[in-house]
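Undergrad: I have a structure here, written as structure tokens, and I will follow up with some questions on it.
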Amino acid sequence: MSSSARHLRSIDAGHYKNTAGCATEVMPVPDIVKINMSQHIGAPCKPLVKKGDRVLVGQLIGDVDAFVSAPIHSSVSGTVKAIETQRGAMGGQETLVVIETDKKQEMDPSISVPQVNDLKEFVAEVRKSGLVGLGGASFPTHIKYNPKNIDDVHVLIVNGAECEPFITSDHRCMLEDTQDIIEGMKLIMKYDGLDEGYIGIEDNKPDAIAKFDQAFKEQGITNMHTFPLQARYPKGAERVLVYEITGKHMAAGVLPADLGVILSNVSSVAFVGQYFRTGVPFTSKRMTVDGDAVNTPKNIIAPIGTQISDIVEFCGGYKAEPKKIIMGGPMMGRAVPADTMPVIKNNNAILCFSKQQAWIPEETACINCGRCHMACPFKLLPTAFADAYLEKDAQKLKDLQVMQCMECGSCSFVCPAHRPLVFMNKLGKALVKEAGV
């Protein structure tokens, strides 16, 4: 497959990869963690512990009997101090298990290295591990690795693009956990019966490309390949990446498996390699901490449930008042109301911006320049979506194919009038769903 034969529309959103050369640091265990029971798409988990219970690292503390779900484990050893609720970044109420840590990090004695013989056992272990998609969507990974049309699926695509500005945690994962990624790929390909594996990596990460190419050569691996991508946004989007590597168009609502592909984030695949080597469930996360309000930007590994304030303190504290804190990247991440919010499984970055860096110019009138249309990977019409939304015309929004929008934010980024186009796209999609058209 050629890396230069096809490209969807993309933009230069800037890179700002300030921490690309920063080796990952493991932060000390904080005094308190607040472990969210809503850490994946689907049904939230229910707490399996109560106030006063002692818990151990890797102990199951949340689960639910639902198909689209993944269990949650304690990231620390200590004592449950409370079960409380908070308003999440999306506005809903979320349940938190608050644990006072003892700093001993005693492991649950029931943890053992998985032993599997077939796909069914492999998928069961992946669910048991608590793994969800770590590229942002947080879809329970065991479902992704068990497609209904397994006989039609032949290709594994590992997403190492990391096209969002600032974020370098996946880059560090590729450099520091190379063999775990390779072992994870081997396991997925073995039990899903896949023929070829590709790692899509932007060409501004030549060190990662070279490291995998060398490892594949030294280990005599002939069915795994690196796939260099343009260093542009949004090359790491699922639908864009599938097209760039396979040439297959993936419309909204279509799964990669429908096109013969299993697609998984590079950090997810690395964890698969780690889990089947150690048996330790998903309890910690590598993330980038950056922004002009942070004293010392870093790549760190923190226990799930660590509060943002503790993470920033580990990075030298604030050097300016943070006017905006984002979980994730500046294009598709979510702004949070306070730094008391705890990190969850799919957090790949914490960005803290001062008033100057967070400033958004005042919106002005559309000048019909067409830049939003030219920036859209799928050639959609964001200004038409906005007009239809303001008219509350759900049928028109559907006819214009608003549901094809993947909310990458490219339209808003290039708009000279600074219109919140992607936000209106989101509202338009909600209107279509509500109207049932």
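Naming works like this for the structure tokens: A, B, ... for the chains as they're shown, residue 1 at the start of each chain, ligands 1 onward in shown order.
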Neighbouring residues of A:Thr178 were defined as those with any atom within 12 Å, considering only C-alpha atoms; residues of the same chain fewer than 3 positions away were excluded. Please report them as a PyMOL selection string.
TA: chain A and resi 160+170-175+181-185+199+207-216+266-267+269-271+273-274
Undergrad: Any chance you could export the current selection's N, CA, C and O atoms as a compact mmCIF listing (two decimals), in the first residue's frame?
TA:
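And here's out.txt as it stands now:
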```
# COMPACT_ATOMS: atom_id res chain seq x y z
N GLY A 160 -0.93 5.60 15.19
CA GLY A 160 0.14 6.32 15.87
C GLY A 160 0.31 7.72 15.31
O GLY A 160 1.38 8.31 15.45
N ASP A 170 1.56 9.62 22.76
CA ASP A 170 1.64 8.44 21.90
C ASP A 170 3.02 8.32 21.25
O ASP A 170 3.51 7.21 21.04
N HIS A 171 3.60 9.46 20.91
CA HIS A 171 4.96 9.45 20.36
C HIS A 171 5.93 8.82 21.36
O HIS A 171 6.74 7.95 21.00
N ARG A 172 5.83 9.24 22.61
CA ARG A 172 6.70 8.66 23.63
C ARG A 172 6.40 7.18 23.83
O ARG A 172 7.31 6.37 24.06
N CYS A 173 5.14 6.80 23.73
CA CYS A 173 4.77 5.38 23.85
C CYS A 173 5.46 4.58 22.76
O CYS A 173 6.01 3.50 23.02
N MET A 174 5.47 5.09 21.53
CA MET A 174 6.10 4.37 20.42
C MET A 174 7.60 4.22 20.63
O MET A 174 8.19 3.20 20.27
N LEU A 175 8.22 5.24 21.22
CA LEU A 175 9.66 5.19 21.45
C LEU A 175 10.02 4.34 22.66
O LEU A 175 11.05 3.65 22.67
N ILE A 181 4.14 -2.78 21.95
CA ILE A 181 3.25 -2.53 20.81
C ILE A 181 3.33 -3.69 19.83
O ILE A 181 2.30 -4.20 19.35
N ILE A 182 4.56 -4.14 19.55
CA ILE A 182 4.73 -5.26 18.62
C ILE A 182 4.07 -6.53 19.18
O ILE A 182 3.37 -7.25 18.45
N GLU A 183 4.26 -6.80 20.47
CA GLU A 183 3.64 -7.98 21.08
C GLU A 183 2.12 -7.86 21.08
O GLU A 183 1.41 -8.86 20.87
N GLY A 184 1.60 -6.65 21.32
CA GLY A 184 0.15 -6.43 21.25
C GLY A 184 -0.38 -6.69 19.86
O GLY A 184 -1.44 -7.32 19.68
N MET A 185 0.34 -6.21 18.85
CA MET A 185 -0.06 -6.47 17.46
C MET A 185 -0.07 -7.96 17.16
O MET A 185 -1.01 -8.48 16.53
N ILE A 199 1.22 0.35 11.07
CA ILE A 199 1.26 1.42 12.06
C ILE A 199 1.32 2.74 11.31
O ILE A 199 2.33 3.05 10.66
N ASP A 207 11.84 9.32 14.10
CA ASP A 207 12.49 8.42 15.06
C ASP A 207 11.60 7.22 15.37
O ASP A 207 12.09 6.08 15.50
N ALA A 208 10.28 7.44 15.46
CA ALA A 208 9.37 6.33 15.73
C ALA A 208 9.29 5.40 14.52
O ALA A 208 9.29 4.17 14.67
N ILE A 209 9.20 5.98 13.33
CA ILE A 209 9.16 5.17 12.12
C ILE A 209 10.41 4.31 12.02
O ILE A 209 10.35 3.10 11.76
N ALA A 210 11.57 4.92 12.24
CA ALA A 210 12.84 4.20 12.14
C ALA A 210 12.94 3.09 13.19
O ALA A 210 13.45 2.00 12.91
N LYS A 211 12.42 3.35 14.38
CA LYS A 211 12.53 2.35 15.45
C LYS A 211 11.70 1.11 15.12
O LYS A 211 12.15 -0.02 15.35
N PHE A 212 10.50 1.31 14.60
CA PHE A 212 9.69 0.16 14.24
C PHE A 212 10.25 -0.57 13.03
O PHE A 212 10.29 -1.81 13.00
N ASP A 213 10.70 0.19 12.03
CA ASP A 213 11.29 -0.46 10.85
C ASP A 213 12.47 -1.34 11.24
O ASP A 213 12.63 -2.46 10.75
N GLN A 214 13.30 -0.83 12.15
CA GLN A 214 14.46 -1.60 12.61
C GLN A 214 14.02 -2.83 13.39
O GLN A 214 14.57 -3.93 13.20
N ALA A 215 13.02 -2.66 14.27
CA ALA A 215 12.55 -3.79 15.08
C ALA A 215 11.94 -4.88 14.20
O ALA A 215 12.19 -6.07 14.41
N PHE A 216 11.14 -4.48 13.23
CA PHE A 216 10.54 -5.47 12.32
C PHE A 216 11.64 -6.24 11.57
O PHE A 216 11.56 -7.46 11.42
N VAL A 266 -2.40 3.32 19.25
CA VAL A 266 -1.11 2.72 19.57
C VAL A 266 -0.95 2.47 21.07
O VAL A 266 -0.36 1.45 21.48
N SER A 267 -1.48 3.36 21.91
CA SER A 267 -1.38 3.13 23.36
C SER A 267 -2.26 1.97 23.80
O SER A 267 -1.92 1.24 24.75
N VAL A 269 -2.86 -0.70 21.95
CA VAL A 269 -2.14 -1.91 21.53
C VAL A 269 -0.95 -2.17 22.45
O VAL A 269 -0.66 -3.32 22.81
N ALA A 270 -0.27 -1.11 22.88
CA ALA A 270 0.83 -1.27 23.84
C ALA A 270 0.33 -1.89 25.13
O ALA A 270 0.99 -2.77 25.71
N PHE A 271 -0.85 -1.45 25.58
CA PHE A 271 -1.38 -2.00 26.82
C PHE A 271 -1.71 -3.48 26.66
O PHE A 271 -1.51 -4.27 27.60
N GLY A 273 -0.11 -5.62 24.91
CA GLY A 273 1.17 -6.30 25.11
C GLY A 273 1.57 -6.36 26.57
O GLY A 273 2.04 -7.39 27.07
N GLN A 274 1.37 -5.25 27.29
CA GLN A 274 1.74 -5.20 28.70
C GLN A 274 0.85 -6.11 29.55
O GLN A 274 1.34 -6.84 30.43
```
Undergrad: Identify, on the basis of only C-alpha atoms, every residue whose closest approach to stretch 39-46 of chain A does not exceed 8 Å; exclude the query and any residue fewer than 2 positions from it along the same chain; express the result as a list in words.
TA: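 Close residues of stretch 39-46 of chain A: Asn36, Met37, Leu48, Gly62, Asp63, Val64, Ala66, Val68, Ser69, Ala70, Pro71, Ile72, Val132, Ala137, Ser138, Phe139, Pro140, Ile344, Lys345 and Asn346 of chain A.
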Undergrad: Would you mind listing what lies within 10 Å of stretch 411-422 of chain A as JSON, numbers by chain, with only C-alpha atoms counted and same-chain residues fewer than 5 positions away left out?
TA: {"A": [11, 12, 13, 331, 332, 360, 361, 362, 363, 364, 365, 366, 367, 368, 369, 370, 371, 372, 373, 374, 375, 376, 377, 380, 381, 382, 383, 384, 385, 386, 405, 406, 427, 428]}
Undergrad: For stretch 260-265 of chain A, list every protein, DNA or RNA residue within 6 Å, evaluated using only C-alpha atoms, and leave out those in the same chain fewer than 2 positions away; present the list as an mmCIF file with N, CA and C atoms, in the first residue's frame.
TA:
```
data_model
loop_
_atom_site.group_PDB
_atom_site.id
_atom_site.type_symbol
_atom_site.label_atom_id
_atom_site.label_comp_id
_atom_site.auth_asym_id
_atom_site.auth_seq_id
_atom_site.Cartn_x
_atom_site.Cartn_y
_atom_site.Cartn_z
ATOM 1 N N GLY A 135 -7.501 6.543 22.152
ATOM 2 C CA GLY A 135 -7.283 7.635 21.217
ATOM 3 C C GLY A 135 -8.281 8.755 21.365
ATOM 4 N N ASP A 152 -14.211 -11.797 7.506
ATOM 5 C CA ASP A 152 -14.013 -10.788 6.465
ATOM 6 C C ASP A 152 -12.962 -9.747 6.857
ATOM 7 N N VAL A 153 -12.430 -9.862 8.067
ATOM 8 C CA VAL A 153 -11.477 -8.874 8.568
ATOM 9 C C VAL A 153 -10.057 -9.430 8.439
ATOM 10 N N HIS A 154 -9.185 -8.660 7.781
ATOM 11 C CA HIS A 154 -7.855 -9.175 7.483
ATOM 12 C C HIS A 154 -6.717 -8.223 7.844
ATOM 13 N N VAL A 155 -7.044 -6.971 8.195
ATOM 14 C CA VAL A 155 -6.004 -5.962 8.383
ATOM 15 C C VAL A 155 -6.117 -5.314 9.756
ATOM 16 N N LEU A 156 -4.993 -5.156 10.429
ATOM 17 C CA LEU A 156 -4.914 -4.375 11.663
ATOM 18 C C LEU A 156 -4.246 -3.046 11.346
ATOM 19 N N ILE A 157 -4.898 -1.950 11.730
ATOM 20 C CA ILE A 157 -4.298 -0.625 11.620
ATOM 21 C C ILE A 157 -4.092 -0.081 13.026
ATOM 22 N N VAL A 158 -2.863 0.257 13.351
ATOM 23 C CA VAL A 158 -2.527 0.849 14.648
ATOM 24 C C VAL A 158 -2.354 2.352 14.428
ATOM 25 N N ASN A 159 -3.115 3.126 15.161
ATOM 26 C CA ASN A 159 -3.120 4.583 14.980
ATOM 27 C C ASN A 159 -2.043 5.231 15.842
ATOM 28 N N PRO A 256 -14.954 0.140 11.165
ATOM 29 C CA PRO A 256 -13.787 -0.336 10.418
ATOM 30 C C PRO A 256 -13.910 -1.804 10.021
ATOM 31 N N ALA A 257 -14.494 -2.623 10.910
ATOM 32 C CA ALA A 257 -14.637 -4.050 10.602
ATOM 33 C C ALA A 257 -15.492 -4.280 9.361
ATOM 34 N N ASP A 258 -16.439 -3.380 9.106
ATOM 35 C CA ASP A 258 -17.266 -3.501 7.903
ATOM 36 C C ASP A 258 -16.421 -3.378 6.642
ATOM 37 N N SER A 267 -1.485 3.356 21.908
ATOM 38 C CA SER A 267 -1.383 3.134 23.356
ATOM 39 C C SER A 267 -2.262 1.971 23.805
ATOM 40 N N SER A 268 -3.393 1.769 23.137
ATOM 41 C CA SER A 268 -4.245 0.619 23.434
ATOM 42 C C SER A 268 -3.515 -0.674 23.113
#
```
Undergrad: How far is it from atom CA of A:Ile201 to atom CA of A:Gly236, in Å with one decimal?
TA: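 Spanning atom CA of A:Ile201 to atom CA of A:Gly236 is a straight-line distance of 8.7 Å.
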Undergrad: Apply DSSP to the structure's backbone, then extract all residues of stretch 347-410 of chain A labelled strand (DSSP E or B) and return them as a list of chain:residue names.
TA: A:Ala349, A:Ile350, A:Leu351, A:Cys352, A:Phe353
Undergrad: Could those residues be written to a file, using N, CA, C and O atoms, as a short mmCIF file (atom, residue, chain, number, x, y, z; two decimals), in the first residue's frame?
TA:
```cif
data_model
loop_
_atom_site.label_atom_id
_atom_site.label_comp_id
_atom_site.auth_asym_id
_atom_site.auth_seq_id
_atom_site.Cartn_x
_atom_site.Cartn_y
_atom_site.Cartn_z
N ALA A 349 -3.90 14.02 27.32
CA ALA A 349 -3.23 15.29 27.57
C ALA A 349 -4.02 16.13 28.55
O ALA A 349 -5.25 16.02 28.65
N ILE A 350 -3.30 16.97 29.27
CA ILE A 350 -3.87 18.05 30.08
C ILE A 350 -3.21 19.33 29.59
O ILE A 350 -1.98 19.49 29.71
N LEU A 351 -3.98 20.23 29.02
CA LEU A 351 -3.46 21.49 28.49
C LEU A 351 -4.01 22.65 29.31
O LEU A 351 -5.23 22.77 29.48
N CYS A 352 -3.12 23.47 29.83
CA CYS A 352 -3.50 24.60 30.67
C CYS A 352 -3.05 25.89 29.99
O CYS A 352 -1.85 26.14 29.85
N PHE A 353 -4.02 26.71 29.58
CA PHE A 353 -3.73 27.91 28.81
C PHE A 353 -4.00 29.17 29.63
O PHE A 353 -5.02 29.26 30.33
#
```
Undergrad: One decimal, Å: what's the distance from atom CA of A:Tyr145 over to atom CA of A:Val123, could you say?
TA: 6.7 Å
Undergrad: Apply DSSP to the backbone of this structure and, from stretch 312-405 of chain A, keep only the residues in helix (DSSP H, G or I); write these as number ranges by chain.
TA: A: 312-314, 355-358, 371-375, 382-390, 394-399, 402-404
Undergrad: Quick one: residues within 7 Å of A:Gln395, only C-alpha atoms, excluding same-chain residues fewer than 3 positions away - as a PyMOL selection string?
TA: chain A and resi 398-399+437
Undergrad: Those residues with N, CA and C atoms, as a compact mmCIF listing (two decimals), in the first residue's frame please?
TA:
```txt
# COMPACT_ATOMS: atom_id res chain seq x y z
N LYS A 398 -30.33 16.92 7.75
CA LYS A 398 -30.13 15.54 7.33
C LYS A 398 -29.79 15.46 5.85
N ASP A 399 -30.52 16.21 5.02
CA ASP A 399 -30.29 16.19 3.59
C ASP A 399 -28.88 16.69 3.25
N VAL A 437 -35.67 12.37 12.14
CA VAL A 437 -35.89 12.40 10.68
C VAL A 437 -34.88 11.48 9.97
```
Undergrad: Could you check how far atom CA of A:Ala161 sits from atom CA of A:Gly253, in Å to one decimal?
TA: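 Atom-to-atom, atom CA of A:Ala161 to atom CA of A:Gly253, that is 22.2 Å.
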Undergrad: Residues near A:Ser284, anyone? I mean within 8 Å using only C-alpha atoms, not counting same-chain ones fewer than 6 positions away, as a VMD selection string.
TA: chain A and resid 75 301 to 304 345
Undergrad: Ranking A:Gln356, A:Asn347, A:Thr85, A:Thr79 by minimum distance to A:Val55 and counting only C-alpha atoms, which one comes first?
TA: A:Thr79
Undergrad: Which is closest to A:Gly328 among A:Arg277, A:Lys51, A:Lys205, A:Arg286, if we use only C-alpha atoms?
TA: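 When distances to A:Gly328 are compared using only C-alpha atoms, the smallest one comes from A:Arg286.
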Undergrad: When distances are computed from only C-alpha atoms, which of A:Ser410, A:Met189, A:Glu391, A:Val402 shows the smallest separation from A:Ala251?
TA: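 Of A:Ser410, A:Met189, A:Glu391, A:Val402, the one nearest A:Ala251 is A:Val402, counting only C-alpha atoms.
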Undergrad: Residues within 9 Å of A:Phe122, please, as a list in words. Count only C-alpha atoms; anything in the same chain fewer than 4 positions from it doesn't count.
TA: Pro114, Gln115, Val116, Asn117, Asp118, Val126, Arg127, His142, Tyr145, Leu187, Ile188 and Tyr191 of chain A
